[in-house]
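Asker: File follows, work.cif with mmCIF, C-alpha atoms:
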```
data_structure
#
loop_
_atom_site.label_atom_id
_atom_site.label_comp_id
_atom_site.auth_asym_id
_atom_site.auth_seq_id
_atom_site.Cartn_x
_atom_site.Cartn_y
_atom_site.Cartn_z
CA MET A 718 62.28 27.46 3.64
CA SER A 719 59.34 26.21 1.58
CA HIS A 720 60.00 22.62 2.71
CA LYS A 721 59.80 23.72 6.36
CA LEU A 722 56.49 25.50 5.72
CA VAL A 723 55.08 22.39 4.02
CA ALA A 724 56.23 20.19 6.93
CA ILE A 725 54.65 22.53 9.49
CA PHE A 726 51.41 22.57 7.46
CA LEU A 727 51.28 18.75 7.31
CA ILE A 728 51.91 18.43 11.05
CA LEU A 729 49.12 20.89 11.82
CA LEU A 730 46.77 19.12 9.39
CA ALA A 731 47.53 15.71 10.95
CA ALA A 732 46.97 17.05 14.47
CA THR A 733 43.66 18.65 13.44
CA THR A 734 42.51 15.42 11.72
CA LEU A 735 43.46 13.31 14.78
CA GLU A 736 41.61 15.68 17.11
CA ALA A 737 38.52 15.55 14.87
CA ALA A 738 38.66 11.75 14.75
CA GLN A 739 39.00 11.55 18.52
CA SER A 740 36.02 13.87 18.99
CA SER A 741 33.99 11.62 16.66
CA PHE A 742 34.96 8.35 18.36
CA HIS A 743 33.38 7.36 21.69
CA TRP A 744 33.30 4.09 23.59
CA GLU A 745 31.56 2.81 26.66
CA ALA A 746 31.69 -0.35 28.74
CA GLY A 747 29.91 -1.35 31.89
CA ALA A 748 28.09 -3.89 34.00
CA ARG A 749 24.62 -4.45 35.42
CA ALA A 750 23.45 -6.56 38.35
CA GLY A 751 20.03 -7.22 39.81
CA TYR A 752 17.16 -9.70 39.79
CA ARG A 753 15.35 -11.54 36.99
CA GLN A 754 12.15 -13.58 36.98
CA ASP A 755 10.81 -15.79 34.18
CA TYR A 756 7.58 -17.61 33.38
CA LEU A 757 7.77 -20.49 30.92
CA SER A 758 5.10 -22.90 29.74
CA TYR A 759 4.75 -25.21 26.78
CA THR A 760 2.47 -27.97 25.52
CA LEU A 761 3.33 -30.91 23.27
CA TYR A 762 0.66 -32.61 21.16
CA GLU A 763 1.64 -35.96 19.69
CA GLU A 764 0.49 -39.44 18.75
CA THR A 765 2.42 -42.23 20.46
CA ALA A 766 2.00 -45.90 21.22
CA LEU A 767 -0.32 -44.67 23.98
CA LYS A 768 -2.56 -43.12 21.33
CA ASP A 769 -3.29 -39.38 21.44
CA LYS A 770 -1.33 -37.62 24.15
CA PHE A 771 -0.45 -34.11 25.19
CA PHE A 772 2.14 -33.00 27.70
CA HIS A 773 1.93 -29.61 29.43
CA GLU A 774 4.58 -28.10 31.68
CA ASN A 775 4.47 -24.79 33.53
CA PHE A 776 7.54 -23.21 35.16
CA LYS A 777 6.30 -20.51 37.55
CA ALA A 778 8.25 -17.67 39.15
CA ILE A 779 11.67 -18.93 38.09
CA GLY A 780 14.03 -16.26 39.35
CA GLY A 781 17.43 -15.39 40.67
CA PRO A 782 20.32 -12.91 40.58
CA GLN A 783 21.44 -11.69 37.17
CA VAL A 784 24.73 -10.15 36.04
CA GLU A 785 25.32 -8.50 32.68
CA ALA A 786 28.26 -6.95 30.82
CA PHE A 787 28.13 -4.67 27.80
CA ALA A 788 30.51 -2.72 25.57
CA SER A 789 30.15 -0.53 22.48
CA PHE A 790 31.91 2.10 20.43
CA LEU A 791 30.43 5.00 18.46
CA PHE A 792 32.11 6.42 15.37
CA TYR A 793 30.26 9.46 14.09
CA TYR A 794 26.67 8.12 13.89
CA LEU A 795 27.35 4.36 13.79
CA GLN A 796 27.42 2.40 17.07
CA LEU A 797 28.42 -1.28 17.37
CA GLY A 798 28.10 -3.25 20.60
CA LEU A 799 27.87 -6.55 22.46
CA ASP A 800 25.73 -7.49 25.48
CA GLY A 801 25.72 -10.69 27.53
CA ASP A 802 23.97 -11.77 30.74
CA TYR A 803 23.83 -14.76 33.06
CA THR A 804 21.16 -15.68 35.64
CA TRP A 805 21.29 -18.22 38.47
CA ILE A 806 17.85 -19.74 39.07
CA LYS A 807 17.53 -19.83 42.85
CA ARG A 808 13.81 -20.37 43.17
CA GLY A 809 10.97 -21.67 41.05
CA HIS A 810 8.21 -24.25 40.81
CA VAL A 811 7.27 -26.72 38.09
CA LYS A 812 3.88 -28.25 37.40
CA SER A 813 3.66 -30.93 34.71
CA ARG A 814 0.72 -32.94 33.36
CA VAL A 815 0.48 -35.79 30.87
CA TRP A 816 -2.90 -36.59 29.32
CA VAL A 817 -3.49 -39.76 27.32
CA ASN A 818 -6.75 -39.81 25.39
CA GLY A 819 -7.81 -43.03 23.68
CA ALA A 820 -7.72 -46.78 23.99
CA ILE A 821 -4.37 -48.15 25.10
CA LEU A 822 -5.59 -51.74 24.95
CA PRO A 823 -9.03 -53.14 24.22
CA GLY A 824 -11.40 -52.27 27.03
CA THR A 825 -10.03 -48.83 27.93
CA SER A 826 -11.16 -45.51 26.52
CA GLN A 827 -10.83 -43.02 29.37
CA VAL A 828 -8.61 -39.95 29.59
CA ILE A 829 -5.59 -40.83 31.75
CA PRO A 830 -3.76 -37.99 33.51
CA ALA A 831 -0.42 -38.08 35.30
CA SER A 832 0.84 -35.02 37.16
CA PHE A 833 4.14 -33.82 38.67
CA LYS A 834 5.14 -31.15 41.14
CA SER A 835 8.71 -30.07 41.68
CA ASP A 836 11.02 -27.25 42.65
CA ALA A 837 13.41 -25.95 39.99
CA ASP A 838 16.86 -24.49 39.65
CA GLY A 839 19.27 -23.95 36.77
CA GLU A 840 20.68 -21.13 34.69
CA LEU A 841 19.78 -18.71 31.90
CA TRP A 842 22.04 -17.15 29.26
CA ASP A 843 21.40 -14.31 26.78
CA GLY A 844 23.66 -12.60 24.25
CA TYR A 845 23.19 -9.73 21.80
CA ALA A 846 25.29 -8.35 18.94
CA ARG A 847 23.89 -5.01 17.79
CA ALA A 848 24.37 -2.11 15.42
CA LYS A 849 22.76 1.32 15.87
CA ILE A 850 22.57 4.48 13.77
CA HIS A 851 22.12 7.76 15.66
CA PHE A 852 19.86 10.43 14.15
CA PRO A 853 20.11 13.54 16.37
CA LEU A 854 16.89 15.56 16.32
CA TYR A 855 18.08 18.18 18.79
CA CYS A 856 21.60 19.04 19.94
CA ARG A 857 22.54 22.08 21.99
CA GLY A 858 25.47 22.05 24.37
CA SER A 859 25.36 18.84 26.36
CA THR A 860 21.64 18.28 25.70
CA LYS A 861 20.80 15.73 23.03
CA PHE A 862 17.59 14.13 21.75
CA ALA A 863 17.94 11.36 19.16
CA LEU A 864 16.14 8.53 17.40
CA ILE A 865 18.29 5.41 17.06
CA PRO A 866 17.25 2.52 14.76
CA GLU A 867 18.81 -0.78 15.84
CA GLY A 868 19.37 -4.22 14.37
CA GLY A 869 21.29 -7.28 15.42
CA TYR A 870 21.31 -10.92 16.44
CA SER A 871 20.35 -12.52 19.76
CA PHE A 872 20.92 -15.88 21.46
CA HIS A 873 19.08 -17.34 24.48
CA HIS A 874 19.69 -20.54 26.48
CA GLN A 875 17.53 -21.95 29.27
CA SER A 876 18.78 -24.91 31.27
CA ILE A 877 16.23 -25.75 33.99
CA LYS A 878 16.59 -28.66 36.40
CA ARG A 879 13.68 -30.30 38.18
CA GLU A 880 14.39 -31.10 41.83
CA ASP A 881 12.67 -33.97 43.66
CA SER A 882 9.90 -34.50 41.11
CA ARG A 883 7.04 -36.58 42.47
CA PRO A 884 5.27 -38.43 39.64
CA GLU A 885 1.83 -39.91 40.16
CA SER A 886 0.85 -43.34 38.85
CA VAL A 887 -2.65 -43.84 37.50
CA ASP A 888 -4.66 -47.05 37.89
CA VAL A 889 -6.43 -48.00 34.68
CA ALA A 890 -9.64 -50.06 34.76
CA PRO A 891 -9.04 -53.86 34.60
CA LEU A 892 -8.37 -55.02 31.06
CA LEU A 893 -9.86 -58.29 29.90
CA VAL A 894 -7.85 -61.06 31.63
CA PHE A 895 -5.55 -58.55 33.38
CA ASP A 896 -6.16 -57.83 37.06
CA THR A 897 -4.38 -54.46 37.15
CA ALA A 898 -3.05 -51.90 34.71
CA VAL A 899 -0.95 -49.01 36.01
CA LEU A 900 0.34 -46.11 33.91
CA SER A 901 3.29 -44.09 35.24
CA THR A 902 5.32 -41.29 33.69
CA ASN A 903 8.88 -40.13 34.37
CA LEU A 904 10.65 -37.01 33.14
CA SER A 905 14.29 -36.29 32.48
CA LYS A 906 15.91 -34.17 35.17
CA ARG A 907 16.69 -31.18 32.93
CA LEU A 908 14.89 -29.17 30.27
CA GLU A 909 17.19 -27.57 27.67
CA ARG A 910 16.01 -24.79 25.34
CA TRP A 911 17.89 -22.67 22.82
CA SER A 912 16.55 -19.69 20.85
CA TRP A 913 18.45 -17.57 18.33
CA GLY A 914 17.80 -15.20 15.43
CA PRO A 915 17.92 -11.65 14.06
CA TYR A 916 15.98 -8.66 15.33
CA VAL A 917 15.19 -5.04 14.44
CA GLY A 918 14.06 -2.20 16.67
CA GLY A 919 14.71 1.31 17.79
CA ASN A 920 15.61 3.57 20.72
CA ILE A 921 14.72 7.06 21.90
CA LEU A 922 17.57 8.84 23.68
CA TRP A 923 17.48 12.01 25.77
CA GLU A 924 20.54 13.12 27.70
CA THR A 925 21.85 16.21 29.42
CA CYS A 926 24.99 16.97 31.42
CA ASP A 927 23.32 15.38 34.47
CA PHE A 928 20.77 12.79 33.25
CA PHE A 929 20.55 9.96 30.75
CA LEU A 930 17.21 8.46 29.62
CA GLU A 931 16.86 5.76 26.95
CA GLY A 932 13.93 3.54 26.03
CA GLY A 933 13.65 1.00 23.26
CA TYR A 934 11.81 -1.87 21.60
CA SER A 935 12.94 -4.75 19.37
CA TYR A 936 11.10 -7.32 17.25
CA HIS A 937 12.71 -10.78 17.08
CA TRP A 938 12.57 -13.73 14.69
CA LEU A 939 13.64 -16.72 16.79
CA ASP A 940 14.36 -20.35 15.94
CA LEU A 941 13.60 -22.63 18.90
CA GLU A 942 15.20 -25.93 19.83
CA GLN A 943 14.06 -27.89 22.88
CA LYS A 944 15.30 -31.17 24.34
CA LEU A 945 13.22 -33.28 26.73
CA LYS A 946 12.89 -36.99 27.53
CA ILE A 947 9.57 -38.50 28.68
CA THR A 948 9.16 -42.18 29.65
CA ASN A 949 5.68 -43.71 29.99
CA THR A 950 5.32 -47.19 31.51
CA LEU A 951 2.15 -49.29 31.33
CA GLN A 952 2.41 -52.28 33.70
CA LEU A 953 -0.07 -55.17 33.35
CA SER A 954 -0.51 -58.17 35.67
CA SER A 955 -2.73 -61.24 35.37
CA SER A 956 -3.23 -63.97 37.99
CA LEU A 957 -5.09 -66.03 35.38
CA LEU A 958 -2.14 -66.05 32.99
CA ALA A 959 0.44 -65.84 35.81
CA ILE A 960 2.37 -63.14 33.97
CA SER A 961 3.30 -59.53 34.41
CA SER A 962 4.06 -57.52 31.30
CA GLY A 963 3.79 -54.06 29.91
CA LEU A 964 5.05 -51.35 27.61
CA VAL A 965 7.73 -48.72 28.11
CA ILE A 966 7.42 -45.81 25.70
CA THR A 967 10.35 -43.40 25.65
CA ASP A 968 9.86 -40.09 23.83
CA THR A 969 13.18 -38.33 23.26
CA ASP A 970 11.87 -34.96 22.17
CA LYS A 971 14.39 -32.83 20.30
CA LEU A 972 12.09 -30.24 18.80
CA LYS A 973 12.83 -27.41 16.40
CA VAL A 974 10.38 -24.66 15.49
CA PHE A 975 11.46 -21.92 13.10
CA ARG A 976 10.65 -18.22 12.87
CA ASN A 977 8.93 -17.66 16.19
CA ILE A 978 8.10 -14.09 17.15
CA GLY A 979 9.61 -12.31 20.15
CA HIS A 980 9.23 -8.82 21.64
CA ARG A 981 11.67 -6.99 23.90
CA GLY A 982 11.39 -3.62 25.61
CA TRP A 983 13.73 -1.74 27.95
CA LEU A 984 14.11 1.55 29.81
CA THR A 985 17.27 3.03 31.34
CA LEU A 986 17.36 6.01 33.70
CA ALA A 987 20.80 7.11 34.90
CA TYR A 988 22.71 9.98 36.49
CA ARG A 989 25.87 11.15 34.76
CA VAL A 990 29.07 11.17 36.80
CA PRO A 991 31.59 13.76 35.52
CA CYS A 992 34.72 12.28 33.92
CA LEU A 993 33.47 8.75 34.60
CA GLY A 994 30.22 7.71 32.94
CA ARG A 995 26.81 7.07 34.49
CA ILE A 996 25.05 5.19 37.30
CA GLY A 997 21.40 4.21 37.07
CA VAL A 998 18.74 1.51 36.79
CA ARG A 999 17.49 -0.52 33.84
CA GLY A 1000 14.29 -2.52 33.43
CA THR A 1001 13.76 -5.10 30.67
CA TYR A 1002 10.79 -7.16 29.50
CA PHE A 1003 10.92 -10.03 26.98
CA LEU A 1004 8.01 -12.02 25.47
CA ASN A 1005 8.15 -15.04 23.15
CA ASN A 1006 4.69 -16.47 22.47
CA THR A 1007 4.42 -19.27 19.88
CA PRO A 1008 0.98 -20.60 18.88
CA ARG A 1009 0.52 -24.30 18.18
CA ARG A 1010 2.80 -25.26 15.30
CA PRO A 1011 4.40 -28.47 13.97
CA SER A 1012 8.00 -29.10 14.97
CA ALA A 1013 10.89 -31.06 13.53
CA SER A 1014 11.15 -34.80 14.13
CA THR A 1015 11.65 -36.59 17.42
CA SER A 1016 12.21 -40.26 18.22
CA GLU A 1017 10.00 -42.69 20.09
CA GLU A 1018 11.19 -46.03 21.42
CA VAL A 1019 8.73 -48.71 22.55
CA ARG A 1020 9.91 -51.66 24.64
CA ALA A 1021 8.00 -54.77 25.67
CA LEU A 1022 8.49 -55.88 29.27
CA THR A 1023 7.89 -59.35 30.66
CA THR A 1024 8.60 -61.18 33.92
CA PRO A 1025 11.30 -62.31 34.31
CA PRO A 1026 12.63 -59.12 32.71
CA SER A 1027 13.85 -59.49 29.15
CA PRO A 1028 13.38 -56.10 27.48
CA THR A 1029 12.99 -56.18 23.72
CA ILE A 1030 12.69 -53.20 21.40
CA VAL A 1031 9.38 -53.44 19.59
CA THR A 1032 9.60 -50.36 17.39
CA THR A 1033 11.39 -47.05 16.96
CA LYS A 1034 9.91 -44.28 14.86
CA GLU A 1035 10.24 -40.61 14.04
CA GLN A 1036 7.34 -38.22 14.53
CA ARG A 1037 6.50 -34.52 14.29
CA PRO A 1038 4.63 -33.39 17.42
CA ASP A 1039 3.02 -29.97 17.59
CA ILE A 1040 4.25 -27.50 20.20
CA LYS A 1041 2.80 -24.38 21.78
CA THR A 1042 5.01 -22.28 24.06
CA ASN A 1043 4.98 -19.05 26.03
CA TRP A 1044 8.01 -17.38 27.64
CA GLU A 1045 8.03 -14.12 29.60
CA SER A 1046 11.00 -12.51 31.36
CA PHE A 1047 11.31 -9.48 33.65
CA SER A 1048 14.51 -7.98 35.05
CA LEU A 1049 15.45 -4.93 37.13
CA LEU A 1050 19.16 -4.10 37.26
CA LEU A 1051 21.52 -1.49 38.66
CA GLU A 1052 23.83 -0.13 35.96
CA MET A 1053 27.31 1.39 35.99
CA ALA A 1054 28.87 2.50 32.70
CA PHE A 1055 32.26 3.99 31.91
CA ALA A 1056 32.47 6.20 28.84
CA TYR A 1057 35.04 8.12 26.86
#
```
Could you render the structure as structure tokens?
Answerer:
Amino acid sequence: MSHKLVAIFLILLAATTLEAAQSSFHWEAGARAGYRQDYLSYTLYEETALKDKFFHENFKAIGGPQVEAFASFLFYYLQLGLDGDYTWIKRGHVKSRVWVNGAILPGTSQVIPASFKSDADGELWDGYARAKIHFPLYCRGSTKFALIPEGGYSFHHQSIKREDSRPESVDVAPLLVFDTAVLSTNLSKRLERWSWGPYVGGNILWETCDFFLEGGYSYHWLDLEQKLKITNTLQLSSSLLAISSGLVITDTDKLKVFRNIGHRGWLTLAYRVPCLGRIGVRGTYFLNNTPRRPSASTSEEVRALTTPPSPTIVTTKEQRPDIKTNWESFSLLLEMAFAY
């Protein structure tokens, strides 16, 4: 008889423990879709075979449809989750300028600009792994108000393609025995940027049986890597010497800048659907502004050109150009989440 009582007690205890665990475990998963628009600009400052030079590029109103997926689970007060989004760049404009300041050859000292205008397309990726701790400040029935510290790791990729770029050549004043000197600049078709690093932040949550409101902010430490190829060509011709020659300078910029600062803010307003989850809207803003700082090394290749053509590598060197960059992103998305 006693064994039966013990067995019944253990069954009831296990059922009670399972019910308590289920009441303390919650998960949610969902998707968002909407529109995103970015603004990106950067400036490179470097010394090349064309003396002092800076290159500035401005990507304006780069935007397109964005889709996002997210999932998380909450056990007591600890919440772990993953977020990822993808954006198709369907519209955007690029303006690029190269300035060369200093004497290229004896007899020249002017500032030489070359400019580009182009449309842009491409894609954007973002990913977040996050952990939150819920601190309820008020709980009564289905009404809850909580502060939620958050920390995690983020990754961002920007792959932007220039379409139909139209470079401008610049005539330089005649040099000594040369009749003409023309400087032209060409860019690689695609700009690739990667950013990644940890972040900390917090959320404020207010929810009832009908409404869900959450706002938050996060502070990011981001390492930046950027890949870009710039080719400058200086063509010289001389009727006196009956030759045509020049220089081709290829800068293969693979830049790295560590510990950049980023800021991200978001606000979600949703209506709760009984036995399903919630439907609402979410707005997000992201800012990464890096002042002028030295970067990791990049390579420069200088070739001598003659007529008839017989290219010869003159020199290849590593350098550390400075970079200044600014990146802003806005998005407005519809959200649907399923919760248990």
Asker: Kindly give the distance, in Å, that separates atom CA of A:Ala788 and atom CA of A:Gly844, rounded to a single decimal.
Answerer: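 Spanning atom CA of A:Ala788 to atom CA of A:Gly844 is a straight-line distance of 12.1 Å.
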Asker: Please evaluate the PyMOL selection byres ((chain A and resi 747-760) around 6) against the displayed coordinates and give the resulting residues as a ChimeraX atom specification.
Answerer: /A:746,761,772-787,1040-1055
Asker: Please determine, counting only C-alpha atoms, which residue among A:Asp843, A:Leu797, A:Leu854, A:Asp838 has the shortest atom-to-atom distance to A:Ser876.
Answerer: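 Comparing A:Asp843, A:Leu797, A:Leu854, A:Asp838 against A:Ser876, the winner is A:Asp838.
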Asker: What is the distance, in Å and to one decimal place, between atom CA of A:Leu841 and atom CA of A:Arg879?
Answerer: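 Result for atom CA of A:Leu841 versus atom CA of A:Arg879: 14.5 Å, one decimal.
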Asker: Can you turn the PyMOL selection byres ((chain A and resi 911) around 10) into a concrete residue list for this file, as a ChimeraX atom specification?
Answerer: /A:842-843,872-876,909-910,912-913,939-944,973
Asker: Just say which residues the PyMOL selection byres ((chain A and resi 925-936) around 10) picks in this file, as a PyMOL selection string.
Answerer: chain A and resi 856-869+915-924+937-939+978-991+995-997+999-1004
